[in-house]
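With mmCIF, C-alpha atoms and all ligand atoms inside, this is coords_30.cif:
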data_run
loop_
_atom_site.label_atom_id
_atom_site.label_comp_id
_atom_site.auth_asym_id
_atom_site.auth_seq_id
_atom_site.Cartn_x
_atom_site.Cartn_y
_atom_site.Cartn_z
CA MET A 1 -31.73 -36.44 -152.61
CA ALA A 2 -33.36 -33.43 -150.91
CA SER A 3 -33.84 -30.69 -153.44
CA LYS A 4 -35.95 -27.62 -154.06
CA ILE A 5 -36.75 -28.88 -157.55
CA LYS A 6 -40.12 -30.54 -157.90
CA LYS A 7 -40.88 -30.43 -161.62
CA VAL A 8 -38.45 -30.61 -164.54
CA GLY A 9 -39.29 -29.51 -168.09
CA VAL A 10 -37.48 -31.32 -170.91
CA PHE A 11 -37.32 -30.32 -174.57
CA THR A 12 -35.38 -30.76 -177.79
CA SER A 13 -34.27 -27.72 -179.77
CA GLY A 14 -32.43 -26.82 -182.99
CA GLY A 15 -31.45 -29.61 -185.39
CA ASP A 16 -32.64 -33.12 -184.58
CA ALA A 17 -30.14 -35.91 -183.92
CA PRO A 18 -30.40 -39.65 -183.29
CA GLY A 19 -30.32 -40.34 -179.55
CA MET A 20 -32.55 -37.40 -178.59
CA ASN A 21 -35.42 -39.75 -177.76
CA ALA A 22 -33.13 -41.93 -175.66
CA ALA A 23 -32.10 -38.77 -173.77
CA ILE A 24 -35.74 -37.70 -173.24
CA ARG A 25 -36.46 -41.19 -171.90
CA ALA A 26 -33.50 -41.02 -169.51
CA VAL A 27 -34.54 -37.59 -168.19
CA VAL A 28 -38.16 -38.70 -167.67
CA ARG A 29 -37.16 -41.94 -165.97
CA SER A 30 -34.58 -40.20 -163.76
CA CYS A 31 -37.29 -37.81 -162.60
CA ALA A 32 -39.54 -40.79 -161.84
CA TYR A 33 -36.68 -42.47 -159.98
CA TYR A 34 -36.11 -39.40 -157.79
CA LYS A 35 -39.87 -38.92 -157.37
CA ILE A 36 -40.18 -35.56 -159.05
CA ASP A 37 -42.52 -34.60 -161.88
CA CYS A 38 -41.50 -34.25 -165.49
CA VAL A 39 -43.12 -32.27 -168.27
CA GLY A 40 -42.31 -32.47 -171.97
CA ILE A 41 -42.23 -29.17 -173.87
CA TYR A 42 -43.10 -29.46 -177.56
CA ARG A 43 -41.09 -27.87 -180.38
CA GLY A 44 -38.29 -26.46 -178.24
CA TYR A 45 -38.49 -22.82 -177.23
CA GLN A 46 -41.55 -22.35 -179.46
CA GLY A 47 -43.59 -24.67 -177.23
CA MET A 48 -42.29 -22.86 -174.16
CA VAL A 49 -43.42 -19.48 -175.53
CA GLU A 50 -46.85 -20.97 -176.36
CA GLY A 51 -47.21 -23.15 -173.23
CA ASP A 52 -47.43 -26.35 -175.28
CA PHE A 53 -46.70 -28.93 -172.56
CA ILE A 54 -47.38 -32.60 -171.83
CA SER A 55 -47.02 -34.47 -168.53
CA LEU A 56 -44.63 -37.39 -168.85
CA ASN A 57 -44.27 -40.38 -166.55
CA ALA A 58 -42.00 -43.41 -166.73
CA ARG A 59 -44.47 -45.22 -169.00
CA SER A 60 -44.89 -42.27 -171.40
CA VAL A 61 -41.45 -43.02 -172.83
CA ASN A 62 -41.80 -46.75 -173.47
CA ASN A 63 -40.36 -47.95 -176.78
CA ILE A 64 -38.64 -44.75 -177.83
CA ILE A 65 -35.00 -45.57 -177.01
CA ASN A 66 -34.65 -47.09 -180.49
CA LYS A 67 -36.26 -44.27 -182.45
CA GLY A 68 -34.55 -41.51 -184.46
CA GLY A 69 -35.82 -37.91 -184.46
CA THR A 70 -37.55 -36.57 -181.37
CA ILE A 71 -41.03 -37.36 -180.05
CA LEU A 72 -41.20 -33.85 -178.58
CA LYS A 73 -40.48 -32.34 -182.03
CA THR A 74 -38.01 -29.53 -182.48
CA SER A 75 -37.98 -26.11 -184.05
CA ARG A 76 -36.18 -22.81 -184.32
CA CYS A 77 -37.93 -20.03 -182.45
CA GLN A 78 -37.32 -16.35 -183.28
CA GLU A 79 -39.60 -15.10 -180.51
CA PHE A 80 -37.39 -16.61 -177.82
CA ARG A 81 -34.57 -14.35 -179.02
CA THR A 82 -36.58 -11.37 -177.70
CA SER A 83 -36.99 -10.54 -174.00
CA GLU A 84 -40.81 -10.39 -174.47
CA GLY A 85 -40.73 -13.94 -175.88
CA ARG A 86 -38.63 -15.20 -173.00
CA LYS A 87 -40.95 -13.52 -170.46
CA LYS A 88 -43.90 -15.32 -172.04
CA ALA A 89 -41.98 -18.59 -171.77
CA PHE A 90 -41.17 -17.89 -168.11
CA ASP A 91 -44.83 -17.13 -167.30
CA HIS A 92 -45.96 -20.41 -168.90
CA LEU A 93 -43.32 -22.38 -166.98
CA LYS A 94 -44.36 -20.75 -163.69
CA ALA A 95 -48.05 -21.41 -164.38
CA GLU A 96 -47.22 -25.08 -165.01
CA GLY A 97 -45.06 -25.27 -161.86
CA ILE A 98 -41.91 -26.17 -163.80
CA ASP A 99 -38.88 -25.12 -161.78
CA ALA A 100 -35.95 -26.45 -163.84
CA LEU A 101 -35.17 -27.25 -167.49
CA VAL A 102 -33.19 -29.81 -169.45
CA VAL A 103 -32.45 -28.63 -172.99
CA ILE A 104 -31.29 -31.19 -175.54
CA GLY A 105 -29.74 -29.41 -178.53
CA GLY A 106 -26.76 -27.59 -179.99
CA ASP A 107 -24.88 -24.44 -179.09
CA GLY A 108 -27.70 -22.13 -180.26
CA SER A 109 -30.07 -23.89 -177.88
CA PHE A 110 -27.53 -23.58 -175.06
CA THR A 111 -27.14 -19.85 -175.77
CA GLY A 112 -30.91 -19.47 -175.38
CA GLY A 113 -30.80 -21.58 -172.19
CA MET A 114 -27.97 -19.56 -170.71
CA ILE A 115 -29.65 -16.21 -171.37
CA PHE A 116 -32.94 -17.48 -169.95
CA SER A 117 -31.27 -18.96 -166.89
CA GLN A 118 -29.49 -15.69 -166.08
CA GLU A 119 -32.50 -13.50 -166.83
CA PHE A 120 -34.91 -15.36 -164.55
CA ASP A 121 -32.51 -17.15 -162.17
CA PHE A 122 -33.89 -20.41 -163.54
CA PRO A 123 -31.95 -23.71 -163.33
CA VAL A 124 -31.05 -25.04 -166.81
CA MET A 125 -28.97 -28.09 -167.73
CA GLY A 126 -27.90 -28.98 -171.29
CA ILE A 127 -27.45 -32.25 -173.16
CA PRO A 128 -25.47 -31.89 -176.41
CA GLY A 129 -27.38 -33.36 -179.35
CA THR A 130 -26.00 -32.80 -182.84
CA ILE A 131 -24.48 -35.14 -185.42
CA ASP A 132 -21.64 -32.67 -186.16
CA ASN A 133 -19.85 -33.29 -182.85
CA ASP A 134 -18.92 -29.60 -182.78
CA ILE A 135 -19.59 -28.81 -179.12
CA PHE A 136 -16.78 -28.08 -176.72
CA GLY A 137 -16.81 -30.01 -173.42
CA THR A 138 -17.61 -33.49 -174.66
CA LEU A 139 -15.73 -36.04 -176.73
CA ASN A 140 -19.03 -37.11 -178.32
CA THR A 141 -22.33 -35.38 -178.91
CA LEU A 142 -25.52 -37.41 -179.24
CA GLY A 143 -26.03 -38.58 -182.80
CA PHE A 144 -22.42 -38.34 -183.94
CA ASP A 145 -21.71 -42.06 -183.63
CA THR A 146 -24.96 -42.97 -185.38
CA ALA A 147 -24.20 -40.56 -188.22
CA LEU A 148 -20.74 -42.10 -188.64
CA ASN A 149 -22.25 -45.57 -188.89
CA THR A 150 -24.81 -44.33 -191.43
CA VAL A 151 -22.16 -42.66 -193.57
CA VAL A 152 -19.87 -45.69 -193.49
CA GLU A 153 -22.73 -47.99 -194.49
CA VAL A 154 -23.62 -45.77 -197.46
CA ILE A 155 -20.01 -45.37 -198.62
CA ASP A 156 -19.58 -49.16 -198.49
CA LYS A 157 -22.44 -49.35 -200.98
CA ILE A 158 -21.01 -46.59 -203.18
CA ARG A 159 -17.70 -48.44 -203.16
CA ASP A 160 -19.38 -51.44 -204.82
CA THR A 161 -20.27 -49.26 -207.82
CA ALA A 162 -16.96 -47.38 -207.75
CA SER A 163 -14.95 -50.59 -207.91
CA SER A 164 -17.22 -52.36 -210.43
CA HIS A 165 -16.99 -49.43 -212.86
CA ASP A 166 -13.47 -48.24 -211.99
CA ARG A 167 -14.85 -44.90 -210.96
CA LEU A 168 -13.84 -42.07 -208.72
CA PHE A 169 -16.57 -40.91 -206.33
CA PHE A 170 -16.72 -37.67 -204.43
CA VAL A 171 -18.98 -38.19 -201.42
CA GLU A 172 -20.12 -35.02 -199.65
CA VAL A 173 -20.94 -35.40 -195.95
CA MET A 174 -22.26 -32.91 -193.38
CA GLY A 175 -19.85 -30.57 -191.62
CA ARG A 176 -19.86 -26.87 -192.55
CA ASP A 177 -17.36 -25.78 -189.94
CA VAL A 178 -15.92 -29.01 -188.64
CA GLY A 179 -14.65 -32.19 -190.30
CA HIS A 180 -15.33 -34.75 -187.56
CA ILE A 181 -17.81 -36.73 -189.65
CA ALA A 182 -15.66 -36.60 -192.79
CA LEU A 183 -12.45 -37.58 -191.02
CA ASN A 184 -13.84 -40.42 -188.92
CA ALA A 185 -16.22 -41.86 -191.49
CA GLY A 186 -13.58 -41.37 -194.19
CA ILE A 187 -11.09 -43.52 -192.30
CA GLY A 188 -13.80 -46.04 -191.38
CA ALA A 189 -14.91 -46.37 -194.99
CA GLY A 190 -11.35 -46.50 -196.35
CA ALA A 191 -11.54 -43.26 -198.34
CA GLU A 192 -8.45 -42.36 -200.37
CA GLU A 193 -8.69 -38.68 -199.55
CA ILE A 194 -10.60 -36.68 -196.96
CA LEU A 195 -11.25 -32.96 -197.40
CA ILE A 196 -12.12 -31.11 -194.19
CA PRO A 197 -12.62 -27.46 -193.23
CA GLU A 198 -9.73 -27.55 -190.74
CA GLU A 199 -7.08 -28.40 -193.32
CA ASP A 200 -6.48 -27.09 -196.80
CA LEU A 201 -5.17 -30.02 -198.80
CA GLY A 202 -5.03 -27.92 -201.97
CA LEU A 203 -6.22 -28.95 -205.40
CA GLU A 204 -2.72 -29.79 -206.64
CA ARG A 205 -2.09 -32.18 -203.78
CA LEU A 206 -5.46 -33.79 -204.31
CA LEU A 207 -4.61 -34.47 -207.95
CA GLU A 208 -1.14 -35.72 -207.07
CA SER A 209 -2.57 -38.05 -204.48
CA LEU A 210 -5.19 -39.45 -206.85
CA LYS A 211 -2.59 -39.91 -209.58
CA ARG A 212 -0.29 -41.67 -207.15
CA SER A 213 -3.15 -43.99 -206.11
CA ARG A 214 -3.89 -44.73 -209.75
CA ALA A 215 -0.22 -45.43 -210.51
CA SER A 216 0.00 -47.79 -207.54
CA GLY A 217 -2.72 -49.98 -209.03
CA LYS A 218 -5.94 -48.55 -207.56
CA THR A 219 -8.62 -48.45 -210.23
CA SER A 220 -11.33 -46.78 -208.16
CA SER A 221 -11.30 -44.20 -205.42
CA ILE A 222 -13.51 -42.58 -202.84
CA VAL A 223 -12.91 -39.00 -201.74
CA VAL A 224 -14.92 -37.84 -198.73
CA VAL A 225 -15.61 -34.11 -198.73
CA ALA A 226 -17.01 -32.17 -195.75
CA GLU A 227 -19.53 -29.48 -196.78
CA GLY A 228 -17.20 -26.74 -195.57
CA ASP A 229 -13.95 -27.99 -197.12
CA ARG A 230 -11.40 -25.33 -198.03
CA THR A 231 -10.58 -26.12 -201.66
CA GLY A 232 -12.75 -23.18 -202.73
CA LYS A 233 -14.78 -25.42 -205.03
CA ASN A 234 -18.04 -27.15 -204.29
CA VAL A 235 -18.19 -30.90 -204.75
CA PHE A 236 -19.53 -30.66 -208.33
CA GLU A 237 -16.78 -28.22 -209.31
CA LEU A 238 -14.27 -30.60 -207.76
CA LYS A 239 -15.64 -33.37 -209.94
CA ASP A 240 -15.21 -31.20 -213.08
CA TYR A 241 -11.72 -30.19 -212.05
CA VAL A 242 -10.57 -33.77 -211.51
CA LYS A 243 -12.30 -34.99 -214.66
CA GLU A 244 -10.46 -32.36 -216.66
CA HIS A 245 -7.09 -33.41 -215.25
CA MET A 246 -7.70 -37.15 -215.04
CA PRO A 247 -9.80 -38.01 -218.10
CA MET A 248 -9.14 -41.72 -217.62
CA TYR A 249 -11.50 -41.72 -214.58
CA GLY A 250 -15.30 -41.75 -214.66
CA VAL A 251 -16.00 -39.26 -211.87
CA ARG A 252 -19.28 -39.16 -209.97
CA VAL A 253 -20.67 -37.19 -207.04
CA SER A 254 -22.92 -38.34 -204.22
CA VAL A 255 -24.25 -35.79 -201.73
CA LEU A 256 -25.52 -37.64 -198.67
CA GLY A 257 -27.54 -34.77 -197.18
CA HIS A 258 -30.22 -35.34 -194.59
CA LEU A 259 -30.08 -39.12 -194.55
CA GLN A 260 -27.15 -38.58 -192.16
CA ARG A 261 -29.44 -36.96 -189.58
CA GLY A 262 -32.02 -39.73 -189.27
CA GLY A 263 -32.26 -43.36 -188.29
CA ALA A 264 -32.23 -45.51 -185.19
CA PRO A 265 -29.49 -44.46 -182.77
CA SER A 266 -26.44 -46.71 -182.43
CA CYS A 267 -25.92 -48.59 -179.18
CA PHE A 268 -23.17 -46.12 -178.29
CA ASP A 269 -25.54 -43.16 -178.66
CA ARG A 270 -28.26 -44.90 -176.64
CA VAL A 271 -25.87 -45.58 -173.77
CA LEU A 272 -24.46 -42.04 -173.94
CA ALA A 273 -27.98 -40.55 -173.99
CA SER A 274 -28.95 -42.63 -170.96
CA ARG A 275 -25.87 -41.51 -169.04
CA MET A 276 -26.34 -37.87 -170.01
CA GLY A 277 -30.02 -37.87 -169.05
CA VAL A 278 -29.29 -39.28 -165.60
CA SER A 279 -26.39 -36.85 -165.07
CA ALA A 280 -28.46 -33.84 -166.13
CA VAL A 281 -31.27 -34.57 -163.66
CA GLU A 282 -28.87 -35.43 -160.84
CA ALA A 283 -26.91 -32.20 -161.41
CA LEU A 284 -30.14 -30.17 -161.23
CA LEU A 285 -31.13 -31.93 -158.02
CA GLU A 286 -27.71 -31.07 -156.57
CA GLY A 287 -28.52 -27.40 -157.19
CA LYS A 288 -26.30 -26.97 -160.26
CA THR A 289 -27.29 -24.81 -163.21
CA ASN A 290 -26.05 -23.29 -166.46
CA LEU A 291 -24.00 -26.36 -167.33
CA MET A 292 -23.79 -28.91 -170.10
CA VAL A 293 -23.18 -32.58 -169.44
CA GLY A 294 -20.50 -34.25 -171.52
CA ILE A 295 -18.25 -37.28 -171.66
CA GLN A 296 -14.47 -37.21 -171.30
CA ASN A 297 -12.28 -40.28 -170.62
CA ASN A 298 -15.47 -42.30 -170.23
CA GLU A 299 -16.61 -40.13 -167.32
CA MET A 300 -19.49 -37.69 -167.21
CA ILE A 301 -18.32 -34.11 -166.78
CA LEU A 302 -20.03 -30.72 -166.55
CA THR A 303 -18.98 -27.66 -168.57
CA PRO A 304 -20.39 -24.14 -168.14
CA PHE A 305 -22.68 -23.19 -171.07
CA GLU A 306 -20.50 -20.18 -171.74
CA LYS A 307 -17.44 -22.36 -172.33
CA ALA A 308 -19.36 -24.99 -174.28
CA ILE A 309 -20.69 -22.29 -176.62
CA LYS A 310 -17.47 -20.34 -177.09
CA GLY A 311 -14.95 -23.20 -177.07
CA ARG A 312 -13.93 -24.84 -180.34
CA THR A 313 -13.60 -28.56 -180.77
CA LYS A 314 -10.34 -29.60 -182.35
CA ILE A 315 -9.87 -32.18 -185.03
CA ASP A 316 -7.69 -35.10 -183.95
CA THR A 317 -4.57 -34.52 -186.05
CA GLU A 318 -3.41 -38.04 -185.24
CA LEU A 319 -6.34 -39.27 -187.35
CA ILE A 320 -5.07 -37.28 -190.33
CA ARG A 321 -1.68 -38.96 -189.96
CA VAL A 322 -3.30 -42.40 -189.69
CA SER A 323 -5.40 -41.73 -192.77
CA ASP A 324 -2.32 -40.72 -194.76
CA ILE A 325 -0.55 -43.95 -193.79
CA VAL A 326 -3.39 -46.39 -194.39
CA THR A 327 -4.33 -44.98 -197.79
CA ILE A 328 -0.89 -45.55 -199.33
P1 LIG Q 401 -28.78 -25.50 -182.39
O1 LIG Q 401 -29.20 -25.63 -180.97
O2 LIG Q 401 -28.89 -26.80 -183.12
O3 LIG Q 401 -27.43 -24.83 -182.54
P2 LIG Q 401 -30.11 -23.01 -183.30
O4 LIG Q 401 -28.83 -22.25 -183.43
O5 LIG Q 401 -31.10 -22.88 -184.38
O6 LIG Q 401 -29.87 -24.59 -183.14
O7 LIG Q 401 -30.79 -22.58 -181.93
C1 LIG Q 401 -32.00 -23.15 -181.51
C2 LIG Q 401 -32.88 -22.12 -180.86
O8 LIG Q 401 -32.25 -21.61 -179.68
C3 LIG Q 401 -33.17 -20.89 -181.69
O9 LIG Q 401 -34.19 -21.11 -182.64
C4 LIG Q 401 -33.61 -19.90 -180.63
O10 LIG Q 401 -34.94 -20.10 -180.24
C5 LIG Q 401 -32.69 -20.28 -179.46
N1 LIG Q 401 -31.56 -19.35 -179.46
C6 LIG Q 401 -30.41 -19.43 -180.16
N2 LIG Q 401 -29.62 -18.36 -179.93
C7 LIG Q 401 -30.29 -17.57 -179.06
C8 LIG Q 401 -30.04 -16.29 -178.43
N3 LIG Q 401 -28.91 -15.63 -178.66
N4 LIG Q 401 -30.98 -15.82 -177.59
C9 LIG Q 401 -32.10 -16.49 -177.34
N5 LIG Q 401 -32.41 -17.66 -177.90
C10 LIG Q 401 -31.53 -18.21 -178.75
#

Produce structure tokens that represent the structure in this file.
Ligand code: ADP
Amino acid sequence: MASKIKKVGVFTSGGDAPGMNAAIRAVVRSCAYYKIDCVGIYRGYQGMVEGDFISLNARSVNNIINKGGTILKTSRCQEFRTSEGRKKAFDHLKAEGIDALVVIGGDGSFTGGMIFSQEFDFPVMGIPGTIDNDIFGTLNTLGFDTALNTVVEVIDKIRDTASSHDRLFFVEVMGRDVGHIALNAGIGAGAEEILIPEEDLGLERLLESLKRSRASGKTSSIVVVAEGDRTGKNVFELKDYVKEHMPMYGVRVSVLGHLQRGGAPSCFDRVLASRMGVSAVEALLEGKTNLMVGIQNNEMILTPFEKAIKGRTKIDTELIRVSDIVTI
């Protein structure tokens, strides 16, 4: 592939997600494959502003495909939000001879990439990495599948206690604006009810549903609650509310928190990261810029940053229907 690009900079930015290392590996190895140089940039845009770089070759990324987190570290960088900060970053990239970037992160990171790309006419390609799966232009973001598996494994364990003690558990999972984790992991873990930001079940209906479950012979229940659910109560207030109206139940709360963000990536995320890394480098070599790689119908596609940032992912309403049927 004849291309003007000779040296690609790769970095992770914003929240970490499982699969980021697998994506770094794929970018580095793709560069090696196409005989161009690759440089790792530490701590996202912060490392770019400071010129904190490391040369990476195919062997630098041995044994990282299986690791959670990111070997390049990640951070949030206020300075990059200013034009002076971005100019500093540009000067460091030029001095290092980097002529294209692959940013692995969420929509904030893509916004930074898009602004930078337009300001300095600099090729930038994005790989979506976030467990929330809230980025438009891809069916899956890196880390989402791993997070689902983690949540399901934990709820399976909570279920042991719930059923042994005839208890009702509220399990809070990540998802401030979107309920992808709650809905998918809730179905996968057999939750009785799933509360997501996209749908207001209402407190009355929640109670009715739990009472119906109880009357049908269920002695324990799991309710999965996304952080941003619309009941207007936080998960502890929900517990108190249900306890008040269903005194026969011992009600407990488990907030899963950051354990959902870590851990070894699932096989699905490793394969996806590998495909995305290859696609990102190949797109840059073809002269493309300002795009995010994604997967749709098992094919790699490219979406303009602007669309990826502004577009909203939609919850699969069919899953809500399925959940209602299988929790009867
Ligand atoms: P995520 O990528 O996970 O959504 P953030 O929203 O924190 O995470 O964004 C990561 C970084 O991207 C920010 O710390 C900042 O350096 C950069 N960034 C985000 N928005 C902008 C912006 N409007 N202009 C410049 N840089 C931005």

May I have the residues within 12 Å of A:Val235 as an MDAnalysis selection string, using only C-alpha atoms and disregarding those fewer than 6 positions away in the same chain?
chainID A and resid 169:173 195 223:229 241:242 251:256

Would you mind reading off the distance between atom CA of A:Val178 and atom CA of A:Arg312, one decimal, in Å?
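For atom CA of A:Val178 relative to atom CA of A:Arg312, the distance reads 9.5 Å.
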
To check your reading of the model: which residues sit at most 8 Å from ligand LIG 401 (chain Q) when counting all atoms listed in the file? Write the answer as a PyMOL selection string.
chain A and resi 13-16+44-46+75-82+86+105-113+115-116+129-130

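Coordinates place atom CA of A:Glu286 at a distance of 6.9 Å from atom CA of A:Ser3.
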
Calculated over all atoms listed in the file, which of the candidates A:Leu142, A:Leu206, A:Val151, A:Leu284 has the smallest distance to A:Cys31?
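For A:Cys31, the nearest of the given residues is A:Leu284.
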
Looking at only C-alpha atoms, which of A:Leu93, A:Met20, A:Ile65, A:Ile98 is the one that sits closest to A:Lys6?
A:Ile98

Atom CA of A:Asp324 to atom CA of A:Gly257, distance in Å rounded to a single decimal:
26.0 Å

For A:Ser216, the nearest of the candidates A:Glu193, A:Thr327, A:Phe305, A:Ala17, counting only C-alpha atoms
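Distance minimum relative to A:Ser216 lands on A:Thr327.
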
Let me know the centre plus edge lengths, in Å and rounded to one decimal, of a box with edges along x, y and z that contains all listed atoms of stretch 274-291 of chain A and is padded by 4 Å on every side, as AutoDock Vina command-line options.
--center_x -27.6 --center_y -33.0 --center_z -163.8 --size_x 15.3 --size_y 27.3 --size_z 22.4

Residue nearest A:Tyr42 among A:Ser209, A:Ser274, A:Asn297, A:Ser55 (counting all atoms listed in the file):
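Of A:Ser209, A:Ser274, A:Asn297, A:Ser55, the one nearest A:Tyr42, counting all atoms listed in the file, is A:Ser55.
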